[in-house]
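This report concerns only the one structure given below.
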4 protein chains.
Amino acid sequence: MDELDIEAVAETTLDEPVLIEGLPGVGHVGKLVADHLLEELEAESTLVRRIYSQEFPPQVTVEDGVTSLTCAEVHAVTPEEGRDVLVLTGDHQAQTNAGHYVLTDAFLDVAEEFDATELYALGGVPTGELIDEYAVLGAVTDESLIEPLEDVGVEFREDEPAGGIVGVSGLLLGLGERRGFEATCLMGETSGYLVDPKSARAVLEVLEARLGFDVDYDPLDERADEMEEVIGKIQEMEQQQQAMDVPNDDDLRYFG
Amino acid sequence: MDELDIEAVAETTLDEPVLIEGLPGVGHVGKLVADHLLEELEAESTLVRRIYSQEFPPQVTVEDGVTSLTCAEVHAVTPEEGRDVLVLTGDHQAQTNAGHYVLTDAFLDVAEEFDATELYALGGVPTGELIDEYAVLGAVTDESLIEPLEDVGVEFREDEPAGGIVGVSGLLLGLGERRGFEATCLMGETSGYLVDPKSARAVLEVLEARLGFDVDYDPLDERADEMEEVIGKIQEMEQQQQAMDVPNDDDLRYFG
Amino acid sequence: MDELDIEAVAETTLDEPVLIEGLPGVGHVGKLVADHLLEELEAESTLVRRIYSQEFPPQVTVEDGVTSLTCAEVHAVTPEEGRDVLVLTGDHQAQTNAGHYVLTDAFLDVAEEFDATELYALGGVPTGELIDEYAVLGAVTDESLIEPLEDVGVEFREDEPAGGIVGVSGLLLGLGERRGFEATCLMGETSGYLVDPKSARAVLEVLEARLGFDVDYDPLDERADEMEEVIGKIQEMEQQQQAMDVPNDDDLRYFG
Amino acid sequence: MDELDIEAVAETTLDEPVLIEGLPGVGHVGKLVADHLLEELEAESTLVRRIYSQEFPPQVTVEDGVTSLTCAEVHAVTPEEGRDVLVLTGDHQAQTNAGHYVLTDAFLDVAEEFDATELYALGGVPTGELIDEYAVLGAVTDESLIEPLEDVGVEFREDEPAGGIVGVSGLLLGLGERRGFEATCLMGETSGYLVDPKSARAVLEVLEARLGFDVDYDPLDERADEMEEVIGKIQEMEQQQQAMDVPNDDDLRYFG
């Protein structure tokens, strides 16, 4: 295998499609959105490309005893309502700095092959605390893209995200702009500690408003409820421990 | 030397051979099996290829004062009973992520050169505890390979191994499948703490049942007995220490 | 994108220009000088080249919601007084050893394109303690360059900097010499703990004396005053804590 | 600069020269030998090649204010007595695994250019304790090389060095053998904690006996005496501290 190998699984023609990227990252927000879209629009989706690369970890996943080589996948989706989309997802990011550049260029190659000129890179932005109101932050390659996003609730803040945007999501904007794409990064606020379906829902609602598709949110809400239960149990355990007031080793040290 | 250099040590013709890979890994299970096979079938074996690579550590081994450059070796074996095999072994894995891809492709090149279309990648799967019954887990590139393996005792479990299969063993399946190989990974359960000849025996028995060769297990059992003695002594020492009930620093802390 | 991509933003002709490099480093001394020069000479400056590279981190910065791909920038400056200069700056160093070589060669390519044959690499040299007199150390590719620098106050010490000069600044001299450049490294002494505008001022004064430009130091002095205030507050806090004489855990341990 | 750049500083013709490698390593044994040889045989030496490489650290050294780019150097030496030699030395090893392969191949290219077919790689082997009798261990690419080395006092031990030989020294044998060199590694025993001129002397004596040159050992012995003084002072300080019997924190913990 060469450093990079794009497998053409199927061909299809799309009408001015938009690339949506949802690889693993903070709170798995981007991946949750991409996976949810593909599940809800399964009937309208076709797997069109697999991208294999030495930049991915040297690994196969195993499901029911059968292995699959690590790759990224691109599905072509023609929803009944709204614009055509290419959904890019996978289980891994690149393993090196240069690898992010190599993979991002490959993803943009695929996008161009299907005549996409717009893209949305999805991710989470960690706040470090539990969240009540799930804001969605935006970053764009061109100022003209800001207003229509603000109209659907996306927030643009002066100095956020403070550290810039790293990895494939960042480079899809950085390299995408240089190749003529109109590119947007949507970042759902998330605590950063847990897989966050609520943050994913907030991002998905923005996408829906912009692209016009129509998906059911119930499965995502169910996952959110499951997460709530997990969080509730953790909080309960913490409170019980405080109530019992068990001295720990550090306390005991001063009683010696 | 180029990044990769395959040295043709000898030529031979094999009849539909099966590649067996046993590089170092968890419990040294794969390497123990490969080494044992080559020792037992020494008279029927020929060293046919050495694979040198910048992906291996920059190192020579020294035996009786004479050095050998780190490499992987492929032996052609024509046992009296059973199928012809190519045995791949060595002392090192690749040192980088991309290196695993490079080496695996080289190993598959050698396999193709000798007309192999099937392969077995061998390894250990760590359980974290001492083991009574040595199960052998399987993973395959195609569902059709499962049944004949289950017939000889290989177990296929829904979500195991949980983290997938990494390194050359994983890629022999991942890249092998893409190049048309029927590939199987056999993983002997092992504690993960020690070299494990018993786990190696369990894997070897599966191979024997599938490929029809006939080897003596005594040397492997002797190594297993030696390991048992080592384990026994460790356990004895632990019990003595507990019996003496020596307080350690952590205990003393609360008596101050 | 290739490993390296030099974007020609604008063309201009310079008269025997000198390349000045100010990338991030110890005390941000070099970058402070480069940024200050560009701000003060904004009217006489033109952005001429952007250098993108896989050797930079895979990252975009975000300002007011609009992203920019990590790069280094070269501005052509034709000051009213003094020699023409090319100012090289950016937000990042290379991420690998080999990357420093790759980027430095690219920077020298740009310098040659604009007919520069002299260069100044700027940086800080850490002393580990707060500084009263800000000395500027020098290192050069040819002995003949020492005297005119000593005439403007640059110090050359027998064994300093002890560990040599690493990164792009070092290689601009090392590779620059091999390509025929007269190259100088100016290193402002700095504690090494904080961004240091005073050290930057000391370096800038040397450059001004050598190259003849004329810039206002007030903004740099204001930043220096701000840093002084920060340092003052830190020292005050330390003194208060000592005055309160709060026993800490380590003290308590001996009272048990 | 390319990944590798061999600069031809001067040309000369040698009579069946032997390459001697002394790069930095354990106890700096190899480098001490190479540097001492070049100092003692300065009148008969010519710098013939500089090897620059991206595999070296991105660094210049500074001496009296003048910089030199990191490189390895090869000197051609025609001593009044004994065989012609090529002495390879430098201040750095390669920074990556693959880099050791790249540099070693470059060094062998230079050796071939000067018609060398034999080589000695020099180094130290750490014992972990102070040494009275400085043995020199050997490793060779061919068994036939052992006897003449044993005749001059080199020891060949069954399983030493246990971990093989890593880095350029190891690869000069491993890659050298594949390119037809008769290659020997001489390893002076050394504690491993300090620069060790005594170990270097032991190695140099072996070389002298094999190659017939005649050098003065006094400067090496003086450096050895200096090191002895340093060691003496360290031991004295340790004894004083024990005599004063100062309880430390760990002791105090049990008195609480």
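By order in the structure tokens, chains are A, B, ...; within a chain, residues start at 1; ligands start at 1, following the order shown.
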Inset, instruction - Using only C-alpha atoms, select each residue of chain C with any atom at most 6 Å away from an atom of chain D, and give the selection as a list of chain:residue names. - result: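 Therefore, the residues near the partner are C:Asn97, C:Ala98, C:Ala139, C:Val140, C:Thr141, C:Phe156, C:Glu158, C:Gly164, C:Ile165, C:Val166, C:Gly167, C:Gly170, C:Gly174, C:Gly256.
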May I have the residues from that selection written out with all heavy atoms, as a PDB file, in the first residue's frame?
```
ATOM      1  N   ASN C  97      12.944  17.697  14.031  1.00  0.00           N
ATOM      2  CA  ASN C  97      14.332  18.056  13.748  1.00  0.00           C
ATOM      3  C   ASN C  97      14.541  18.348  12.268  1.00  0.00           C
ATOM      4  O   ASN C  97      15.060  19.394  11.894  1.00  0.00           O
ATOM      5  CB  ASN C  97      15.249  16.894  14.135  1.00  0.00           C
ATOM      6  CG  ASN C  97      15.657  16.973  15.587  1.00  0.00           C
ATOM      7  OD1 ASN C  97      15.587  18.037  16.195  1.00  0.00           O
ATOM      8  ND2 ASN C  97      16.075  15.860  16.127  1.00  0.00           N
ATOM      9  N   ALA C  98      14.152  17.405  11.428  1.00  0.00           N
ATOM     10  CA  ALA C  98      14.348  17.565   9.991  1.00  0.00           C
ATOM     11  C   ALA C  98      13.574  18.777   9.485  1.00  0.00           C
ATOM     12  O   ALA C  98      14.000  19.466   8.553  1.00  0.00           O
ATOM     13  CB  ALA C  98      13.936  16.297   9.242  1.00  0.00           C
ATOM     14  N   ALA C 139      26.751  35.908  17.571  1.00  0.00           N
ATOM     15  CA  ALA C 139      27.441  34.774  16.948  1.00  0.00           C
ATOM     16  C   ALA C 139      27.366  35.018  15.449  1.00  0.00           C
ATOM     17  O   ALA C 139      26.349  35.529  14.955  1.00  0.00           O
ATOM     18  CB  ALA C 139      26.785  33.446  17.311  1.00  0.00           C
ATOM     19  N   VAL C 140      28.435  34.690  14.743  1.00  0.00           N
ATOM     20  CA  VAL C 140      28.499  35.038  13.318  1.00  0.00           C
ATOM     21  C   VAL C 140      29.086  33.880  12.512  1.00  0.00           C
ATOM     22  O   VAL C 140      29.710  32.979  13.060  1.00  0.00           O
ATOM     23  CB  VAL C 140      29.388  36.281  13.092  1.00  0.00           C
ATOM     24  CG1 VAL C 140      28.734  37.523  13.677  1.00  0.00           C
ATOM     25  CG2 VAL C 140      30.770  36.066  13.689  1.00  0.00           C
ATOM     26  N   THR C 141      28.860  33.946  11.209  1.00  0.00           N
ATOM     27  CA  THR C 141      29.404  32.882  10.358  1.00  0.00           C
ATOM     28  C   THR C 141      30.846  33.157   9.957  1.00  0.00           C
ATOM     29  O   THR C 141      31.546  32.265   9.506  1.00  0.00           O
ATOM     30  CB  THR C 141      28.569  32.744   9.068  1.00  0.00           C
ATOM     31  OG1 THR C 141      28.435  34.045   8.475  1.00  0.00           O
ATOM     32  CG2 THR C 141      27.203  32.175   9.362  1.00  0.00           C
ATOM     33  N   PHE C 156      30.751  39.305  22.426  1.00  0.00           N
ATOM     34  CA  PHE C 156      31.123  37.958  21.986  1.00  0.00           C
ATOM     35  C   PHE C 156      31.891  37.308  23.125  1.00  0.00           C
ATOM     36  O   PHE C 156      32.917  37.821  23.555  1.00  0.00           O
ATOM     37  CB  PHE C 156      31.980  38.035  20.713  1.00  0.00           C
ATOM     38  CG  PHE C 156      31.188  38.433  19.516  1.00  0.00           C
ATOM     39  CD1 PHE C 156      30.892  39.777  19.257  1.00  0.00           C
ATOM     40  CD2 PHE C 156      30.673  37.471  18.650  1.00  0.00           C
ATOM     41  CE1 PHE C 156      30.122  40.140  18.163  1.00  0.00           C
ATOM     42  CE2 PHE C 156      29.910  37.833  17.550  1.00  0.00           C
ATOM     43  CZ  PHE C 156      29.634  39.178  17.302  1.00  0.00           C
ATOM     44  N   GLU C 158      33.600  33.781  25.001  1.00  0.00           N
ATOM     45  CA  GLU C 158      34.346  32.626  24.516  1.00  0.00           C
ATOM     46  C   GLU C 158      33.468  31.380  24.312  1.00  0.00           C
ATOM     47  O   GLU C 158      33.458  30.784  23.256  1.00  0.00           O
ATOM     48  CB  GLU C 158      35.487  32.326  25.496  1.00  0.00           C
ATOM     49  CG  GLU C 158      36.618  31.567  24.824  1.00  0.00           C
ATOM     50  CD  GLU C 158      37.738  31.331  25.850  1.00  0.00           C
ATOM     51  OE1 GLU C 158      37.757  32.027  26.891  1.00  0.00           O
ATOM     52  OE2 GLU C 158      38.557  30.459  25.603  1.00  0.00           O
ATOM     53  N   GLY C 164      25.368  25.896  22.069  1.00  0.00           N
ATOM     54  CA  GLY C 164      25.192  26.229  20.666  1.00  0.00           C
ATOM     55  C   GLY C 164      23.856  26.913  20.447  1.00  0.00           C
ATOM     56  O   GLY C 164      23.189  27.336  21.394  1.00  0.00           O
ATOM     57  N   ILE C 165      23.456  27.056  19.198  1.00  0.00           N
ATOM     58  CA  ILE C 165      22.191  27.709  18.859  1.00  0.00           C
ATOM     59  C   ILE C 165      21.345  26.708  18.090  1.00  0.00           C
ATOM     60  O   ILE C 165      21.782  26.185  17.059  1.00  0.00           O
ATOM     61  CB  ILE C 165      22.423  28.968  17.992  1.00  0.00           C
ATOM     62  CG1 ILE C 165      23.424  29.910  18.690  1.00  0.00           C
ATOM     63  CG2 ILE C 165      21.110  29.694  17.714  1.00  0.00           C
ATOM     64  CD1 ILE C 165      23.929  31.029  17.788  1.00  0.00           C
ATOM     65  N   VAL C 166      20.144  26.426  18.602  1.00  0.00           N
ATOM     66  CA  VAL C 166      19.313  25.397  17.983  1.00  0.00           C
ATOM     67  C   VAL C 166      18.135  26.010  17.222  1.00  0.00           C
ATOM     68  O   VAL C 166      17.802  27.179  17.405  1.00  0.00           O
ATOM     69  CB  VAL C 166      18.756  24.402  19.026  1.00  0.00           C
ATOM     70  CG1 VAL C 166      19.892  23.613  19.675  1.00  0.00           C
ATOM     71  CG2 VAL C 166      17.942  25.128  20.071  1.00  0.00           C
ATOM     72  N   GLY C 167      17.535  25.207  16.359  1.00  0.00           N
ATOM     73  CA  GLY C 167      16.335  25.629  15.646  1.00  0.00           C
ATOM     74  C   GLY C 167      16.675  26.465  14.419  1.00  0.00           C
ATOM     75  O   GLY C 167      17.807  26.478  13.936  1.00  0.00           O
ATOM     76  N   GLY C 170      19.674  28.961  14.578  1.00  0.00           N
ATOM     77  CA  GLY C 170      20.972  28.324  14.398  1.00  0.00           C
ATOM     78  C   GLY C 170      21.213  27.921  12.954  1.00  0.00           C
ATOM     79  O   GLY C 170      22.282  28.161  12.375  1.00  0.00           O
ATOM     80  N   GLY C 174      24.030  28.224  10.053  1.00  0.00           N
ATOM     81  CA  GLY C 174      24.715  27.014   9.584  1.00  0.00           C
ATOM     82  C   GLY C 174      24.497  26.750   8.107  1.00  0.00           C
ATOM     83  O   GLY C 174      25.441  26.519   7.336  1.00  0.00           O
ATOM     84  N   GLY C 256       3.897  15.769  63.967  1.00  0.00           N
ATOM     85  CA  GLY C 256       2.860  14.721  64.139  1.00  0.00           C
ATOM     86  C   GLY C 256       2.780  14.156  65.545  1.00  0.00           C
ATOM     87  O   GLY C 256       3.746  14.114  66.266  1.00  0.00           O
TER      88      GLY C 256
END
```
If you run DSSP on the backbone here, which positions in region 35-203 of chain B get strand (DSSP E)? Please write them as a PDB file with N, CA and C atoms, in the first residue's frame.
```pdb
ATOM      1  N   SER B  45      13.268 -27.601   6.583  1.00  0.00           N
ATOM      2  CA  SER B  45      13.193 -26.131   6.455  1.00  0.00           C
ATOM      3  C   SER B  45      14.385 -25.546   5.690  1.00  0.00           C
ATOM      4  N   THR B  46      14.122 -24.494   4.936  1.00  0.00           N
ATOM      5  CA  THR B  46      15.181 -23.741   4.253  1.00  0.00           C
ATOM      6  C   THR B  46      14.956 -22.252   4.495  1.00  0.00           C
ATOM      7  N   LEU B  47      16.008 -21.552   4.926  1.00  0.00           N
ATOM      8  CA  LEU B  47      15.901 -20.093   5.020  1.00  0.00           C
ATOM      9  C   LEU B  47      15.889 -19.527   3.603  1.00  0.00           C
ATOM     10  N   VAL B  48      14.794 -18.854   3.225  1.00  0.00           N
ATOM     11  CA  VAL B  48      14.688 -18.376   1.837  1.00  0.00           C
ATOM     12  C   VAL B  48      14.823 -16.850   1.705  1.00  0.00           C
ATOM     13  N   ARG B  49      14.385 -16.089   2.697  1.00  0.00           N
ATOM     14  CA  ARG B  49      14.447 -14.631   2.579  1.00  0.00           C
ATOM     15  C   ARG B  49      14.831 -13.992   3.906  1.00  0.00           C
ATOM     16  N   ARG B  50      15.646 -12.919   3.810  1.00  0.00           N
ATOM     17  CA  ARG B  50      15.855 -12.032   4.949  1.00  0.00           C
ATOM     18  C   ARG B  50      15.320 -10.669   4.549  1.00  0.00           C
ATOM     19  N   ILE B  51      14.568 -10.029   5.456  1.00  0.00           N
ATOM     20  CA  ILE B  51      14.027  -8.698   5.183  1.00  0.00           C
ATOM     21  C   ILE B  51      14.699  -7.696   6.136  1.00  0.00           C
ATOM     22  N   TYR B  52      15.519  -6.831   5.548  1.00  0.00           N
ATOM     23  CA  TYR B  52      16.167  -5.757   6.310  1.00  0.00           C
ATOM     24  C   TYR B  52      15.369  -4.476   6.097  1.00  0.00           C
ATOM     25  N   SER B  53      15.367  -3.593   7.109  1.00  0.00           N
ATOM     26  CA  SER B  53      14.599  -2.365   6.938  1.00  0.00           C
ATOM     27  C   SER B  53      15.032  -1.292   7.915  1.00  0.00           C
ATOM     28  N   GLN B  59      20.459  -1.779  14.933  1.00  0.00           N
ATOM     29  CA  GLN B  59      21.012  -2.672  15.934  1.00  0.00           C
ATOM     30  C   GLN B  59      21.543  -3.958  15.300  1.00  0.00           C
ATOM     31  N   VAL B  60      22.643  -4.473  15.856  1.00  0.00           N
ATOM     32  CA  VAL B  60      23.073  -5.845  15.547  1.00  0.00           C
ATOM     33  C   VAL B  60      22.977  -6.674  16.820  1.00  0.00           C
ATOM     34  N   THR B  61      22.676  -7.952  16.687  1.00  0.00           N
ATOM     35  CA  THR B  61      22.806  -8.877  17.801  1.00  0.00           C
ATOM     36  C   THR B  61      24.198  -9.489  17.723  1.00  0.00           C
ATOM     37  N   VAL B  62      24.692  -9.976  18.865  1.00  0.00           N
ATOM     38  CA  VAL B  62      26.030 -10.564  18.913  1.00  0.00           C
ATOM     39  C   VAL B  62      25.914 -11.970  19.477  1.00  0.00           C
ATOM     40  N   GLU B  63      26.424 -12.965  18.742  1.00  0.00           N
ATOM     41  CA  GLU B  63      26.433 -14.339  19.249  1.00  0.00           C
ATOM     42  C   GLU B  63      27.830 -14.882  19.081  1.00  0.00           C
ATOM     43  N   VAL B  66      30.156 -12.738  17.025  1.00  0.00           N
ATOM     44  CA  VAL B  66      29.864 -12.430  15.623  1.00  0.00           C
ATOM     45  C   VAL B  66      28.498 -11.736  15.535  1.00  0.00           C
ATOM     46  N   THR B  67      28.446 -10.655  14.756  1.00  0.00           N
ATOM     47  CA  THR B  67      27.238  -9.825  14.723  1.00  0.00           C
ATOM     48  C   THR B  67      26.294 -10.221  13.584  1.00  0.00           C
ATOM     49  N   SER B  68      25.010  -9.948  13.808  1.00  0.00           N
ATOM     50  CA  SER B  68      24.003 -10.108  12.745  1.00  0.00           C
ATOM     51  C   SER B  68      23.111  -8.885  12.754  1.00  0.00           C
ATOM     52  N   LEU B  69      22.876  -8.312  11.591  1.00  0.00           N
ATOM     53  CA  LEU B  69      22.012  -7.136  11.473  1.00  0.00           C
ATOM     54  C   LEU B  69      20.561  -7.552  11.701  1.00  0.00           C
ATOM     55  N   ALA B  72      14.020  -9.652   9.640  1.00  0.00           N
ATOM     56  CA  ALA B  72      13.018 -10.705   9.762  1.00  0.00           C
ATOM     57  C   ALA B  72      13.424 -11.804   8.786  1.00  0.00           C
ATOM     58  N   GLU B  73      13.083 -13.029   9.121  1.00  0.00           N
ATOM     59  CA  GLU B  73      13.477 -14.154   8.265  1.00  0.00           C
ATOM     60  C   GLU B  73      12.251 -14.960   7.850  1.00  0.00           C
ATOM     61  N   VAL B  74      12.282 -15.458   6.630  1.00  0.00           N
ATOM     62  CA  VAL B  74      11.231 -16.354   6.153  1.00  0.00           C
ATOM     63  C   VAL B  74      11.861 -17.695   5.792  1.00  0.00           C
ATOM     64  N   HIS B  75      11.365 -18.756   6.440  1.00  0.00           N
ATOM     65  CA  HIS B  75      11.793 -20.116   6.133  1.00  0.00           C
ATOM     66  C   HIS B  75      10.702 -20.822   5.327  1.00  0.00           C
ATOM     67  N   ALA B  76      11.128 -21.560   4.306  1.00  0.00           N
ATOM     68  CA  ALA B  76      10.204 -22.426   3.564  1.00  0.00           C
ATOM     69  C   ALA B  76      10.254 -23.811   4.191  1.00  0.00           C
ATOM     70  N   VAL B  77       9.090 -24.345   4.552  1.00  0.00           N
ATOM     71  CA  VAL B  77       9.035 -25.649   5.212  1.00  0.00           C
ATOM     72  C   VAL B  77       8.134 -26.588   4.419  1.00  0.00           C
ATOM     73  N   VAL B  85       4.493 -24.727   4.349  1.00  0.00           N
ATOM     74  CA  VAL B  85       4.330 -23.438   5.045  1.00  0.00           C
ATOM     75  C   VAL B  85       5.557 -22.542   4.859  1.00  0.00           C
ATOM     76  N   LEU B  86       5.285 -21.235   4.931  1.00  0.00           N
ATOM     77  CA  LEU B  86       6.344 -20.220   5.024  1.00  0.00           C
ATOM     78  C   LEU B  86       6.289 -19.686   6.449  1.00  0.00           C
ATOM     79  N   VAL B  87       7.375 -19.795   7.194  1.00  0.00           N
ATOM     80  CA  VAL B  87       7.368 -19.313   8.567  1.00  0.00           C
ATOM     81  C   VAL B  87       8.141 -17.993   8.639  1.00  0.00           C
ATOM     82  N   LEU B  88       7.432 -16.946   9.063  1.00  0.00           N
ATOM     83  CA  LEU B  88       8.020 -15.610   9.196  1.00  0.00           C
ATOM     84  C   LEU B  88       8.281 -15.333  10.664  1.00  0.00           C
ATOM     85  N   THR B  89       9.542 -15.046  10.996  1.00  0.00           N
ATOM     86  CA  THR B  89       9.835 -14.682  12.381  1.00  0.00           C
ATOM     87  C   THR B  89      10.964 -13.674  12.434  1.00  0.00           C
ATOM     88  N   GLY B  90      11.301 -13.221  13.633  1.00  0.00           N
ATOM     89  CA  GLY B  90      12.333 -12.195  13.790  1.00  0.00           C
ATOM     90  C   GLY B  90      12.379 -11.751  15.235  1.00  0.00           C
ATOM     91  N   GLU B 118      -2.980 -17.934   1.556  1.00  0.00           N
ATOM     92  CA  GLU B 118      -3.563 -18.007   2.900  1.00  0.00           C
ATOM     93  C   GLU B 118      -2.491 -17.620   3.911  1.00  0.00           C
ATOM     94  N   LEU B 119      -2.914 -17.081   5.042  1.00  0.00           N
ATOM     95  CA  LEU B 119      -1.928 -16.776   6.082  1.00  0.00           C
ATOM     96  C   LEU B 119      -2.539 -16.833   7.476  1.00  0.00           C
ATOM     97  N   TYR B 120      -1.680 -17.163   8.431  1.00  0.00           N
ATOM     98  CA  TYR B 120      -2.032 -17.151   9.852  1.00  0.00           C
ATOM     99  C   TYR B 120      -1.090 -16.203  10.581  1.00  0.00           C
ATOM    100  N   ALA B 121      -1.649 -15.167  11.205  1.00  0.00           N
ATOM    101  CA  ALA B 121      -0.881 -14.273  12.062  1.00  0.00           C
ATOM    102  C   ALA B 121      -1.094 -14.734  13.494  1.00  0.00           C
ATOM    103  N   LEU B 122       0.003 -14.948  14.228  1.00  0.00           N
ATOM    104  CA  LEU B 122      -0.109 -15.516  15.571  1.00  0.00           C
ATOM    105  C   LEU B 122       0.229 -14.475  16.632  1.00  0.00           C
ATOM    106  N   GLY B 123      -0.459 -14.565  17.767  1.00  0.00           N
ATOM    107  CA  GLY B 123      -0.158 -13.630  18.849  1.00  0.00           C
ATOM    108  C   GLY B 123      -0.806 -14.077  20.142  1.00  0.00           C
ATOM    109  N   GLY B 124      -0.664 -13.237  21.173  1.00  0.00           N
ATOM    110  CA  GLY B 124      -1.286 -13.493  22.461  1.00  0.00           C
ATOM    111  C   GLY B 124      -2.292 -12.406  22.756  1.00  0.00           C
ATOM    112  N   VAL B 125      -3.314 -12.753  23.542  1.00  0.00           N
ATOM    113  CA  VAL B 125      -4.268 -11.732  23.975  1.00  0.00           C
ATOM    114  C   VAL B 125      -4.223 -11.708  25.497  1.00  0.00           C
ATOM    115  N   PRO B 126      -3.879 -10.573  26.106  1.00  0.00           N
ATOM    116  CA  PRO B 126      -3.654 -10.531  27.553  1.00  0.00           C
ATOM    117  C   PRO B 126      -4.957 -10.541  28.332  1.00  0.00           C
ATOM    118  N   VAL B 136      -8.063 -20.189  22.598  1.00  0.00           N
ATOM    119  CA  VAL B 136      -7.465 -19.514  21.440  1.00  0.00           C
ATOM    120  C   VAL B 136      -8.570 -18.719  20.752  1.00  0.00           C
ATOM    121  N   LEU B 137      -8.402 -17.393  20.714  1.00  0.00           N
ATOM    122  CA  LEU B 137      -9.376 -16.536  20.027  1.00  0.00           C
ATOM    123  C   LEU B 137      -9.000 -16.408  18.561  1.00  0.00           C
ATOM    124  N   GLY B 138     -10.001 -16.216  17.728  1.00  0.00           N
ATOM    125  CA  GLY B 138      -9.753 -16.059  16.298  1.00  0.00           C
ATOM    126  C   GLY B 138     -10.305 -14.762  15.755  1.00  0.00           C
ATOM    127  N   ALA B 139      -9.725 -14.316  14.656  1.00  0.00           N
ATOM    128  CA  ALA B 139     -10.267 -13.197  13.874  1.00  0.00           C
ATOM    129  C   ALA B 139      -9.888 -13.499  12.431  1.00  0.00           C
ATOM    130  N   VAL B 140     -10.780 -13.193  11.514  1.00  0.00           N
ATOM    131  CA  VAL B 140     -10.572 -13.591  10.109  1.00  0.00           C
ATOM    132  C   VAL B 140     -10.966 -12.460   9.167  1.00  0.00           C
ATOM    133  N   ILE B 165      -6.795  -5.392  16.624  1.00  0.00           N
ATOM    134  CA  ILE B 165      -5.489  -6.063  16.569  1.00  0.00           C
ATOM    135  C   ILE B 165      -4.500  -5.083  15.961  1.00  0.00           C
ATOM    136  N   VAL B 166      -3.431  -4.779  16.702  1.00  0.00           N
ATOM    137  CA  VAL B 166      -2.481  -3.770  16.234  1.00  0.00           C
ATOM    138  C   VAL B 166      -1.180  -4.406  15.760  1.00  0.00           C
ATOM    139  N   GLU B 182      -6.636 -14.978   2.125  1.00  0.00           N
ATOM    140  CA  GLU B 182      -7.515 -15.465   3.181  1.00  0.00           C
ATOM    141  C   GLU B 182      -6.677 -15.459   4.448  1.00  0.00           C
ATOM    142  N   ALA B 183      -6.994 -14.576   5.372  1.00  0.00           N
ATOM    143  CA  ALA B 183      -6.092 -14.380   6.502  1.00  0.00           C
ATOM    144  C   ALA B 183      -6.805 -14.587   7.822  1.00  0.00           C
ATOM    145  N   THR B 184      -6.083 -15.235   8.752  1.00  0.00           N
ATOM    146  CA  THR B 184      -6.607 -15.560  10.076  1.00  0.00           C
ATOM    147  C   THR B 184      -5.624 -15.079  11.131  1.00  0.00           C
ATOM    148  N   CYS B 185      -6.142 -14.525  12.213  1.00  0.00           N
ATOM    149  CA  CYS B 185      -5.296 -14.238  13.362  1.00  0.00           C
ATOM    150  C   CYS B 185      -5.699 -15.176  14.489  1.00  0.00           C
ATOM    151  N   LEU B 186      -4.726 -15.923  15.012  1.00  0.00           N
ATOM    152  CA  LEU B 186      -4.960 -16.796  16.159  1.00  0.00           C
ATOM    153  C   LEU B 186      -4.283 -16.188  17.376  1.00  0.00           C
ATOM    154  N   MET B 187      -5.073 -15.937  18.419  1.00  0.00           N
ATOM    155  CA  MET B 187      -4.528 -15.278  19.610  1.00  0.00           C
ATOM    156  C   MET B 187      -4.705 -16.167  20.825  1.00  0.00           C
ATOM    157  N   GLY B 188      -3.605 -16.638  21.385  1.00  0.00           N
ATOM    158  CA  GLY B 188      -3.669 -17.454  22.588  1.00  0.00           C
ATOM    159  C   GLY B 188      -3.891 -16.587  23.808  1.00  0.00           C
ATOM    160  N   GLU B 189      -4.856 -16.967  24.630  1.00  0.00           N
ATOM    161  CA  GLU B 189      -5.017 -16.228  25.890  1.00  0.00           C
ATOM    162  C   GLU B 189      -3.785 -16.431  26.752  1.00  0.00           C
ATOM    163  N   THR B 190      -3.344 -15.365  27.401  1.00  0.00           N
ATOM    164  CA  THR B 190      -2.151 -15.408  28.238  1.00  0.00           C
ATOM    165  C   THR B 190      -2.280 -14.317  29.278  1.00  0.00           C
TER     166      THR B 190
END
```
Inset, instruction - Using CA of Ala106 (chain B) and CA of Ile6 (chain B) as the two end points, give the distance in Å to one decimal. - result: 7.9 Å
Inset, instruction - Go ahead and compute the interatomic distance for CA of Gly99 (chain B) and CA of Tyr101 (chain C), in Å to one decimal. - result: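 Result for CA of Gly99 (chain B) versus CA of Tyr101 (chain C): 23.1 Å, one decimal.
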Inset, instruction - Give the alpha helix (DSSP H) residues of region 47-251 of chain D, as DSSP finds them on the backbone, and put them as JSON, numbers by chain. - result: {"D": [97, 98, 99, 100, 101, 102, 103, 104, 105, 106, 107, 108, 109, 110, 111, 112, 113, 146, 147, 148, 149, 150, 151, 167, 168, 169, 170, 171, 172, 173, 174, 175, 176, 177, 178, 197, 198, 199, 200, 201, 202, 203, 204, 205, 206, 207, 208, 209, 210, 211, 218, 219, 220, 221, 222, 223, 224, 225, 226, 227, 228, 229, 230, 231, 232, 233, 234, 235, 236, 237, 238, 239, 240, 241, 242, 243, 244, 249, 250, 251]}
